[in-house]
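Engineer: Input file: input18.txt. Contents: compact mmCIF, N, CA and C atoms.
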```
# COMPACT_ATOMS: atom_id res chain seq x y z
N MET A 1 0.84 -1.18 0.00
CA MET A 1 0.00 0.00 0.00
C MET A 1 0.89 1.25 0.00
N ALA A 2 0.51 2.23 -0.80
CA ALA A 2 1.27 3.47 -0.90
C ALA A 2 1.09 4.30 0.37
N LYS A 3 2.12 5.06 0.68
CA LYS A 3 2.07 5.96 1.85
C LYS A 3 1.10 7.10 1.56
N ILE A 4 0.27 7.40 2.52
CA ILE A 4 -0.69 8.50 2.39
C ILE A 4 -0.02 9.77 2.93
N GLU A 5 -0.09 10.81 2.15
CA GLU A 5 0.49 12.09 2.53
C GLU A 5 -0.36 12.74 3.61
N THR A 6 0.30 13.24 4.64
CA THR A 6 -0.40 13.92 5.73
C THR A 6 0.20 15.30 5.94
N ILE A 7 -0.43 16.05 6.78
CA ILE A 7 0.04 17.40 7.11
C ILE A 7 1.46 17.35 7.70
N PHE A 8 1.80 16.25 8.35
CA PHE A 8 3.11 16.14 8.99
C PHE A 8 4.25 15.98 7.98
N ASP A 9 3.92 15.69 6.74
CA ASP A 9 4.93 15.65 5.68
C ASP A 9 5.33 17.06 5.24
N HIS A 10 4.67 18.08 5.81
CA HIS A 10 4.89 19.47 5.41
C HIS A 10 5.40 20.33 6.56
N ASN A 11 5.96 19.68 7.56
CA ASN A 11 6.62 20.36 8.68
C ASN A 11 5.79 21.48 9.32
N PRO A 12 4.58 21.16 9.78
CA PRO A 12 3.79 22.21 10.44
C PRO A 12 4.39 22.57 11.79
N THR A 13 4.27 23.82 12.13
CA THR A 13 4.70 24.26 13.46
C THR A 13 3.59 23.95 14.46
N ASP A 14 3.91 23.97 15.73
CA ASP A 14 2.88 23.77 16.76
C ASP A 14 1.81 24.83 16.63
N GLU A 15 2.21 26.04 16.31
CA GLU A 15 1.25 27.13 16.14
C GLU A 15 0.29 26.84 14.99
N GLU A 16 0.82 26.34 13.86
CA GLU A 16 -0.04 26.00 12.73
C GLU A 16 -1.00 24.86 13.07
N LEU A 17 -0.54 23.93 13.90
CA LEU A 17 -1.39 22.80 14.28
C LEU A 17 -2.53 23.21 15.22
N MET A 18 -2.45 24.41 15.81
CA MET A 18 -3.50 24.89 16.69
C MET A 18 -4.85 24.99 15.98
N ARG A 19 -4.85 25.15 14.68
CA ARG A 19 -6.10 25.20 13.90
C ARG A 19 -6.92 23.92 14.13
N TRP A 20 -6.22 22.81 14.42
CA TRP A 20 -6.88 21.52 14.62
C TRP A 20 -6.79 21.04 16.06
N GLY A 21 -6.48 21.93 16.97
CA GLY A 21 -6.43 21.58 18.38
C GLY A 21 -5.03 21.36 18.92
N GLY A 22 -4.02 21.60 18.09
CA GLY A 22 -2.64 21.47 18.52
C GLY A 22 -2.13 20.04 18.39
N PRO A 23 -0.84 19.87 18.64
CA PRO A 23 -0.23 18.54 18.53
C PRO A 23 -0.91 17.51 19.44
N GLU A 24 -1.43 17.98 20.57
CA GLU A 24 -2.09 17.08 21.51
C GLU A 24 -3.32 16.43 20.89
N ALA A 25 -4.04 17.17 20.05
CA ALA A 25 -5.24 16.62 19.41
C ALA A 25 -4.87 15.45 18.51
N PHE A 26 -3.77 15.57 17.78
CA PHE A 26 -3.35 14.48 16.90
C PHE A 26 -2.91 13.27 17.72
N GLU A 27 -2.27 13.51 18.85
CA GLU A 27 -1.89 12.41 19.73
C GLU A 27 -3.13 11.72 20.29
N TYR A 28 -4.14 12.51 20.63
CA TYR A 28 -5.40 11.95 21.14
C TYR A 28 -6.04 11.06 20.08
N PHE A 29 -6.14 11.56 18.85
CA PHE A 29 -6.72 10.76 17.77
C PHE A 29 -5.96 9.45 17.61
N LYS A 30 -4.65 9.54 17.64
CA LYS A 30 -3.81 8.35 17.49
C LYS A 30 -4.08 7.36 18.62
N SER A 31 -4.23 7.87 19.85
CA SER A 31 -4.49 6.99 21.00
C SER A 31 -5.85 6.31 20.89
N LYS A 32 -6.76 6.89 20.12
CA LYS A 32 -8.10 6.33 19.93
C LYS A 32 -8.18 5.47 18.67
N GLY A 33 -7.02 5.24 18.05
CA GLY A 33 -6.98 4.37 16.88
C GLY A 33 -7.29 5.03 15.56
N ILE A 34 -7.34 6.35 15.55
CA ILE A 34 -7.59 7.07 14.30
C ILE A 34 -6.25 7.29 13.62
N ASP A 35 -6.09 6.64 12.50
CA ASP A 35 -4.82 6.66 11.77
C ASP A 35 -4.97 7.51 10.51
N PHE A 36 -4.37 8.68 10.51
CA PHE A 36 -4.49 9.59 9.37
C PHE A 36 -3.74 9.09 8.14
N THR A 37 -2.95 8.02 8.30
CA THR A 37 -2.27 7.46 7.13
C THR A 37 -3.14 6.40 6.44
N ASP A 38 -4.32 6.14 6.98
CA ASP A 38 -5.27 5.21 6.37
C ASP A 38 -5.88 5.91 5.14
N PRO A 39 -5.96 5.22 4.00
CA PRO A 39 -6.50 5.85 2.78
C PRO A 39 -7.90 6.44 2.94
N VAL A 40 -8.66 5.98 3.90
CA VAL A 40 -10.00 6.52 4.11
C VAL A 40 -9.95 8.01 4.47
N HIS A 41 -8.83 8.47 4.97
CA HIS A 41 -8.67 9.87 5.39
C HIS A 41 -7.97 10.73 4.34
N GLU A 42 -7.78 10.22 3.14
CA GLU A 42 -7.01 10.94 2.13
C GLU A 42 -7.57 12.33 1.84
N ASP A 43 -8.88 12.45 1.62
CA ASP A 43 -9.47 13.76 1.35
C ASP A 43 -9.27 14.72 2.53
N SER A 44 -9.43 14.21 3.74
CA SER A 44 -9.22 15.06 4.93
C SER A 44 -7.78 15.54 5.00
N ASN A 45 -6.85 14.67 4.66
CA ASN A 45 -5.45 15.07 4.67
C ASN A 45 -5.19 16.15 3.63
N TYR A 46 -5.71 15.99 2.43
CA TYR A 46 -5.53 17.02 1.40
C TYR A 46 -6.15 18.34 1.84
N TYR A 47 -7.29 18.26 2.51
CA TYR A 47 -7.95 19.47 3.01
C TYR A 47 -7.06 20.17 4.04
N MET A 48 -6.54 19.41 4.99
CA MET A 48 -5.68 19.99 6.01
C MET A 48 -4.40 20.58 5.40
N ILE A 49 -3.82 19.87 4.45
CA ILE A 49 -2.60 20.38 3.81
C ILE A 49 -2.92 21.65 3.04
N GLY A 50 -4.05 21.68 2.34
CA GLY A 50 -4.46 22.89 1.63
C GLY A 50 -4.62 24.07 2.58
N LEU A 51 -5.28 23.82 3.72
CA LEU A 51 -5.44 24.90 4.71
C LEU A 51 -4.10 25.36 5.27
N LEU A 52 -3.20 24.42 5.48
CA LEU A 52 -1.86 24.76 5.96
C LEU A 52 -1.19 25.74 5.02
N TYR A 53 -1.21 25.42 3.73
CA TYR A 53 -0.56 26.30 2.75
C TYR A 53 -1.31 27.61 2.56
N ALA A 54 -2.62 27.58 2.66
CA ALA A 54 -3.39 28.83 2.57
C ALA A 54 -3.00 29.74 3.73
N GLY A 55 -2.85 29.16 4.91
CA GLY A 55 -2.44 29.94 6.08
C GLY A 55 -1.03 30.50 5.95
N ARG A 56 -0.22 29.82 5.18
CA ARG A 56 1.15 30.29 4.93
C ARG A 56 1.19 31.30 3.79
N GLY A 57 0.07 31.55 3.16
CA GLY A 57 0.00 32.51 2.07
C GLY A 57 0.38 31.92 0.72
N ASP A 58 0.53 30.62 0.63
CA ASP A 58 0.90 29.95 -0.62
C ASP A 58 -0.37 29.40 -1.26
N ARG A 59 -1.10 30.28 -1.90
CA ARG A 59 -2.41 29.91 -2.47
C ARG A 59 -2.29 28.90 -3.62
N GLU A 60 -1.21 28.98 -4.38
CA GLU A 60 -1.03 28.04 -5.49
C GLU A 60 -0.90 26.60 -4.98
N THR A 61 -0.10 26.40 -3.96
CA THR A 61 0.05 25.05 -3.40
C THR A 61 -1.24 24.63 -2.71
N ALA A 62 -1.91 25.56 -2.05
CA ALA A 62 -3.20 25.25 -1.42
C ALA A 62 -4.18 24.75 -2.46
N ARG A 63 -4.30 25.45 -3.59
CA ARG A 63 -5.21 25.03 -4.66
C ARG A 63 -4.84 23.65 -5.20
N LYS A 64 -3.53 23.38 -5.29
CA LYS A 64 -3.07 22.08 -5.77
C LYS A 64 -3.63 20.96 -4.89
N TYR A 65 -3.56 21.14 -3.57
CA TYR A 65 -4.06 20.11 -2.66
C TYR A 65 -5.58 20.07 -2.63
N PHE A 66 -6.25 21.20 -2.70
CA PHE A 66 -7.70 21.20 -2.74
C PHE A 66 -8.20 20.49 -4.01
N SER A 67 -7.48 20.63 -5.11
CA SER A 67 -7.90 20.00 -6.36
C SER A 67 -7.77 18.47 -6.32
N LYS A 68 -6.98 17.94 -5.39
CA LYS A 68 -6.82 16.49 -5.26
C LYS A 68 -7.97 15.83 -4.50
N ILE A 69 -8.81 16.62 -3.86
CA ILE A 69 -9.91 16.08 -3.07
C ILE A 69 -10.94 15.46 -4.00
N LYS A 70 -11.27 14.20 -3.76
CA LYS A 70 -12.22 13.48 -4.59
C LYS A 70 -13.66 13.88 -4.30
N HIS A 71 -14.01 14.04 -3.05
CA HIS A 71 -15.37 14.40 -2.65
C HIS A 71 -15.43 15.92 -2.50
N LYS A 72 -15.72 16.58 -3.61
CA LYS A 72 -15.65 18.05 -3.68
C LYS A 72 -16.59 18.75 -2.72
N ASP A 73 -17.65 18.06 -2.26
CA ASP A 73 -18.57 18.70 -1.32
C ASP A 73 -17.84 19.11 -0.04
N MET A 74 -16.72 18.49 0.24
CA MET A 74 -15.91 18.85 1.40
C MET A 74 -15.42 20.29 1.29
N LEU A 75 -15.23 20.76 0.08
CA LEU A 75 -14.68 22.11 -0.13
C LEU A 75 -15.69 23.20 0.26
N SER A 76 -16.95 22.85 0.40
CA SER A 76 -17.95 23.86 0.78
C SER A 76 -17.66 24.41 2.17
N THR A 77 -16.91 23.68 2.97
CA THR A 77 -16.58 24.16 4.31
C THR A 77 -15.46 25.20 4.30
N LEU A 78 -14.83 25.40 3.14
CA LEU A 78 -13.75 26.40 3.08
C LEU A 78 -14.23 27.78 3.49
N THR A 79 -15.42 28.17 3.05
CA THR A 79 -15.91 29.50 3.41
C THR A 79 -16.13 29.61 4.91
N GLU A 80 -16.49 28.50 5.55
CA GLU A 80 -16.66 28.52 7.00
C GLU A 80 -15.31 28.56 7.71
N ASP A 81 -14.31 27.94 7.09
CA ASP A 81 -12.98 27.89 7.70
C ASP A 81 -12.28 29.25 7.64
N PHE A 82 -12.60 30.04 6.65
CA PHE A 82 -11.97 31.35 6.53
C PHE A 82 -12.97 32.38 6.90
```
Could you render the structure from this file as structure tokens?
Structural biologist:
Amino acid sequence: MAKIETIFDHNPTDEELMRWGGPEAFEYFKSKGIDFTDPVHEDSNYYMIGLLYAGRGDRETARKYFSKIKHKDMLSTLTEDF
């Protein structure tokens, strides 16, 4: 199985991770058996990576990751996120 790209492949700072509850939130999910490297979470990972780059001001890279999302209805939450 291919490795699933996650936000952690993009060196987020603790401050950037605060958007999702901080590093502790990811540890909590992991302790509950939620594995973000599972392909079922691929769209969520692309969404998080897109938001990461949007927050960094890199709109081109953000669009690249948003365009990889298969279930486009997920993108409707972008207006709520910003």
Engineer: Out of A:Tyr65, A:Glu15, A:Thr37, A:Lys3, which residue has the shortest atom-to-atom distance to A:Gly50 when counting all atoms listed in the file?
Structural biologist: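 Selected residue with least distance to A:Gly50: A:Tyr65.
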Engineer: Within 8 Å of A:Phe66, counting all atoms listed in the file, which residues qualify if same-chain residues fewer than 2 places away don't, as a list in words?
Structural biologist: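 Near neighbours after the sequence-gap exclusion: Tyr46, Tyr47, Met48, Ile49, Gly50, Leu51, Glu60, Thr61, Ala62, Arg63, Lys64, Lys68, Ile69, Lys70, Lys72 and Leu75 of chain A.
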Engineer: Could you please determine the separation between atom CA of A:Asp35 and atom CA of A:Ile7 in Å, to one decimal place?
Structural biologist: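 If I compute the distance from atom CA of A:Asp35 to atom CA of A:Ile7, I get 12.7 Å.
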Engineer: Quick one: pull the distance between atom CA of A:His10 and atom CA of A:Asp43, Å, one decimal.
Structural biologist: 16.0 Å
Engineer: Within 6 Å of A:Asp14, counting only N, CA and C atoms, which residues qualify if same-chain residues fewer than 4 places away don't, as a PyMOL selection string?
Structural biologist: chain A and resi 18+22-23
Engineer: Assign secondary structure with DSSP using the backbone only, and return the residues of chain A in helix (DSSP H, G or I) as a PyMOL selection string.
Structural biologist: chain A and resi 7-10+14-20+23-31+39-55+59-67+72-81
Engineer: Calculate, to one decimal in Å, the centre and edge lengths of the box along x, y and z of the file that holds all listed atoms of stretch 34-41 of chain A with 3 Å of margin on each side, and present them as JSON.
Structural biologist:
```
{"center_x": -6.1, "center_y": 8.0, "center_z": 9.2, "size_x": 13.7, "size_y": 11.5, "size_z": 18.8}
```
Engineer: One decimal, Å: what's the distance from atom CA of A:Asn45 over to atom CA of A:Thr6, could you say?
Structural biologist: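 About the pair atom CA of A:Asn45 and atom CA of A:Thr6: they are 5.3 Å apart.
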Engineer: Pick out the closest residue to A:Asp38 from this set: A:Arg56, A:Thr77, A:Ala25, A:Ala2. Count only C-alpha atoms.
Structural biologist: A:Ala2
Engineer: Can you rebuild stretch 18-29 of chain A with all heavy atoms and give it as a PDB file, in the frame of the given file?
Structural biologist:
```
ATOM      1  N   MET A  18      -2.450  24.410  15.810  1.00  0.00           N
ATOM      2  CA  MET A  18      -3.500  24.890  16.690  1.00  0.00           C
ATOM      3  C   MET A  18      -4.850  24.990  15.980  1.00  0.00           C
ATOM      4  O   MET A  18      -5.885  24.873  16.624  1.00  0.00           O
ATOM      5  CB  MET A  18      -3.120  26.237  17.321  1.00  0.00           C
ATOM      6  CG  MET A  18      -1.987  26.133  18.327  1.00  0.00           C
ATOM      7  SD  MET A  18      -2.231  24.876  19.604  1.00  0.00           S
ATOM      8  CE  MET A  18      -3.623  25.552  20.480  1.00  0.00           C
ATOM      9  N   ARG A  19      -4.850  25.150  14.680  1.00  0.00           N
ATOM     10  CA  ARG A  19      -6.100  25.200  13.900  1.00  0.00           C
ATOM     11  C   ARG A  19      -6.920  23.920  14.130  1.00  0.00           C
ATOM     12  O   ARG A  19      -8.143  23.938  14.056  1.00  0.00           O
ATOM     13  CB  ARG A  19      -5.793  25.386  12.430  1.00  0.00           C
ATOM     14  CG  ARG A  19      -6.992  25.174  11.544  1.00  0.00           C
ATOM     15  CD  ARG A  19      -6.691  25.458  10.096  1.00  0.00           C
ATOM     16  NE  ARG A  19      -7.541  26.569   9.730  1.00  0.00           N
ATOM     17  CZ  ARG A  19      -7.170  27.657   9.100  1.00  0.00           C
ATOM     18  NH1 ARG A  19      -5.940  27.798   8.725  1.00  0.00           N
ATOM     19  NH2 ARG A  19      -8.016  28.600   8.835  1.00  0.00           N
ATOM     20  N   TRP A  20      -6.220  22.810  14.420  1.00  0.00           N
ATOM     21  CA  TRP A  20      -6.880  21.520  14.620  1.00  0.00           C
ATOM     22  C   TRP A  20      -6.790  21.040  16.060  1.00  0.00           C
ATOM     23  O   TRP A  20      -6.961  19.875  16.344  1.00  0.00           O
ATOM     24  CB  TRP A  20      -6.265  20.473  13.673  1.00  0.00           C
ATOM     25  CG  TRP A  20      -6.495  20.842  12.250  1.00  0.00           C
ATOM     26  CD1 TRP A  20      -7.643  20.662  11.530  1.00  0.00           C
ATOM     27  CD2 TRP A  20      -5.576  21.484  11.377  1.00  0.00           C
ATOM     28  NE1 TRP A  20      -7.487  21.161  10.261  1.00  0.00           N
ATOM     29  CE2 TRP A  20      -6.211  21.668  10.140  1.00  0.00           C
ATOM     30  CE3 TRP A  20      -4.262  21.924  11.512  1.00  0.00           C
ATOM     31  CZ2 TRP A  20      -5.597  22.276   9.053  1.00  0.00           C
ATOM     32  CZ3 TRP A  20      -3.651  22.530  10.431  1.00  0.00           C
ATOM     33  CH2 TRP A  20      -4.317  22.706   9.221  1.00  0.00           C
ATOM     34  N   GLY A  21      -6.480  21.930  16.970  1.00  0.00           N
ATOM     35  CA  GLY A  21      -6.430  21.580  18.380  1.00  0.00           C
ATOM     36  C   GLY A  21      -5.030  21.360  18.920  1.00  0.00           C
ATOM     37  O   GLY A  21      -4.857  20.978  20.069  1.00  0.00           O
ATOM     38  N   GLY A  22      -4.020  21.600  18.090  1.00  0.00           N
ATOM     39  CA  GLY A  22      -2.640  21.470  18.520  1.00  0.00           C
ATOM     40  C   GLY A  22      -2.130  20.040  18.390  1.00  0.00           C
ATOM     41  O   GLY A  22      -2.878  19.117  18.082  1.00  0.00           O
ATOM     42  N   PRO A  23      -0.840  19.870  18.640  1.00  0.00           N
ATOM     43  CA  PRO A  23      -0.230  18.540  18.530  1.00  0.00           C
ATOM     44  C   PRO A  23      -0.910  17.510  19.440  1.00  0.00           C
ATOM     45  O   PRO A  23      -0.998  16.335  19.099  1.00  0.00           O
ATOM     46  CB  PRO A  23       1.224  18.760  18.967  1.00  0.00           C
ATOM     47  CG  PRO A  23       1.464  20.221  18.860  1.00  0.00           C
ATOM     48  CD  PRO A  23       0.133  20.888  19.026  1.00  0.00           C
ATOM     49  N   GLU A  24      -1.430  17.980  20.570  1.00  0.00           N
ATOM     50  CA  GLU A  24      -2.090  17.080  21.510  1.00  0.00           C
ATOM     51  C   GLU A  24      -3.320  16.430  20.890  1.00  0.00           C
ATOM     52  O   GLU A  24      -3.639  15.276  21.179  1.00  0.00           O
ATOM     53  CB  GLU A  24      -2.505  17.839  22.784  1.00  0.00           C
ATOM     54  CG  GLU A  24      -1.370  18.497  23.514  1.00  0.00           C
ATOM     55  CD  GLU A  24      -0.973  19.862  22.939  1.00  0.00           C
ATOM     56  OE1 GLU A  24      -1.747  20.477  22.166  1.00  0.00           O
ATOM     57  OE2 GLU A  24       0.135  20.305  23.251  1.00  0.00           O
ATOM     58  N   ALA A  25      -4.040  17.170  20.050  1.00  0.00           N
ATOM     59  CA  ALA A  25      -5.240  16.620  19.410  1.00  0.00           C
ATOM     60  C   ALA A  25      -4.870  15.450  18.510  1.00  0.00           C
ATOM     61  O   ALA A  25      -5.563  14.424  18.498  1.00  0.00           O
ATOM     62  CB  ALA A  25      -5.951  17.705  18.612  1.00  0.00           C
ATOM     63  N   PHE A  26      -3.770  15.570  17.780  1.00  0.00           N
ATOM     64  CA  PHE A  26      -3.350  14.480  16.900  1.00  0.00           C
ATOM     65  C   PHE A  26      -2.910  13.270  17.720  1.00  0.00           C
ATOM     66  O   PHE A  26      -3.153  12.123  17.322  1.00  0.00           O
ATOM     67  CB  PHE A  26      -2.260  14.956  15.943  1.00  0.00           C
ATOM     68  CG  PHE A  26      -2.783  15.892  14.896  1.00  0.00           C
ATOM     69  CD1 PHE A  26      -2.734  17.262  15.076  1.00  0.00           C
ATOM     70  CD2 PHE A  26      -3.341  15.393  13.729  1.00  0.00           C
ATOM     71  CE1 PHE A  26      -3.235  18.124  14.115  1.00  0.00           C
ATOM     72  CE2 PHE A  26      -3.844  16.244  12.772  1.00  0.00           C
ATOM     73  CZ  PHE A  26      -3.794  17.619  12.956  1.00  0.00           C
ATOM     74  N   GLU A  27      -2.270  13.510  18.850  1.00  0.00           N
ATOM     75  CA  GLU A  27      -1.890  12.410  19.730  1.00  0.00           C
ATOM     76  C   GLU A  27      -3.130  11.720  20.290  1.00  0.00           C
ATOM     77  O   GLU A  27      -3.176  10.492  20.420  1.00  0.00           O
ATOM     78  CB  GLU A  27      -0.981  12.903  20.864  1.00  0.00           C
ATOM     79  CG  GLU A  27       0.420  13.237  20.418  1.00  0.00           C
ATOM     80  CD  GLU A  27       1.131  12.049  19.798  1.00  0.00           C
ATOM     81  OE1 GLU A  27       1.057  10.924  20.331  1.00  0.00           O
ATOM     82  OE2 GLU A  27       1.781  12.246  18.746  1.00  0.00           O
ATOM     83  N   TYR A  28      -4.140  12.510  20.630  1.00  0.00           N
ATOM     84  CA  TYR A  28      -5.400  11.950  21.140  1.00  0.00           C
ATOM     85  C   TYR A  28      -6.040  11.060  20.080  1.00  0.00           C
ATOM     86  O   TYR A  28      -6.454   9.938  20.373  1.00  0.00           O
ATOM     87  CB  TYR A  28      -6.356  13.083  21.541  1.00  0.00           C
ATOM     88  CG  TYR A  28      -7.729  12.575  21.906  1.00  0.00           C
ATOM     89  CD1 TYR A  28      -7.968  12.020  23.154  1.00  0.00           C
ATOM     90  CD2 TYR A  28      -8.771  12.638  20.989  1.00  0.00           C
ATOM     91  CE1 TYR A  28      -9.225  11.539  23.495  1.00  0.00           C
ATOM     92  CE2 TYR A  28     -10.027  12.158  21.317  1.00  0.00           C
ATOM     93  CZ  TYR A  28     -10.251  11.610  22.566  1.00  0.00           C
ATOM     94  OH  TYR A  28     -11.494  11.127  22.889  1.00  0.00           O
ATOM     95  N   PHE A  29      -6.140  11.560  18.850  1.00  0.00           N
ATOM     96  CA  PHE A  29      -6.720  10.760  17.770  1.00  0.00           C
ATOM     97  C   PHE A  29      -5.960   9.450  17.610  1.00  0.00           C
ATOM     98  O   PHE A  29      -6.550   8.378  17.463  1.00  0.00           O
ATOM     99  CB  PHE A  29      -6.727  11.518  16.450  1.00  0.00           C
ATOM    100  CG  PHE A  29      -7.641  12.706  16.425  1.00  0.00           C
ATOM    101  CD1 PHE A  29      -7.206  13.909  15.899  1.00  0.00           C
ATOM    102  CD2 PHE A  29      -8.927  12.637  16.922  1.00  0.00           C
ATOM    103  CE1 PHE A  29      -8.046  15.011  15.864  1.00  0.00           C
ATOM    104  CE2 PHE A  29      -9.775  13.734  16.898  1.00  0.00           C
ATOM    105  CZ  PHE A  29      -9.331  14.927  16.372  1.00  0.00           C
TER     106      PHE A  29
END
```
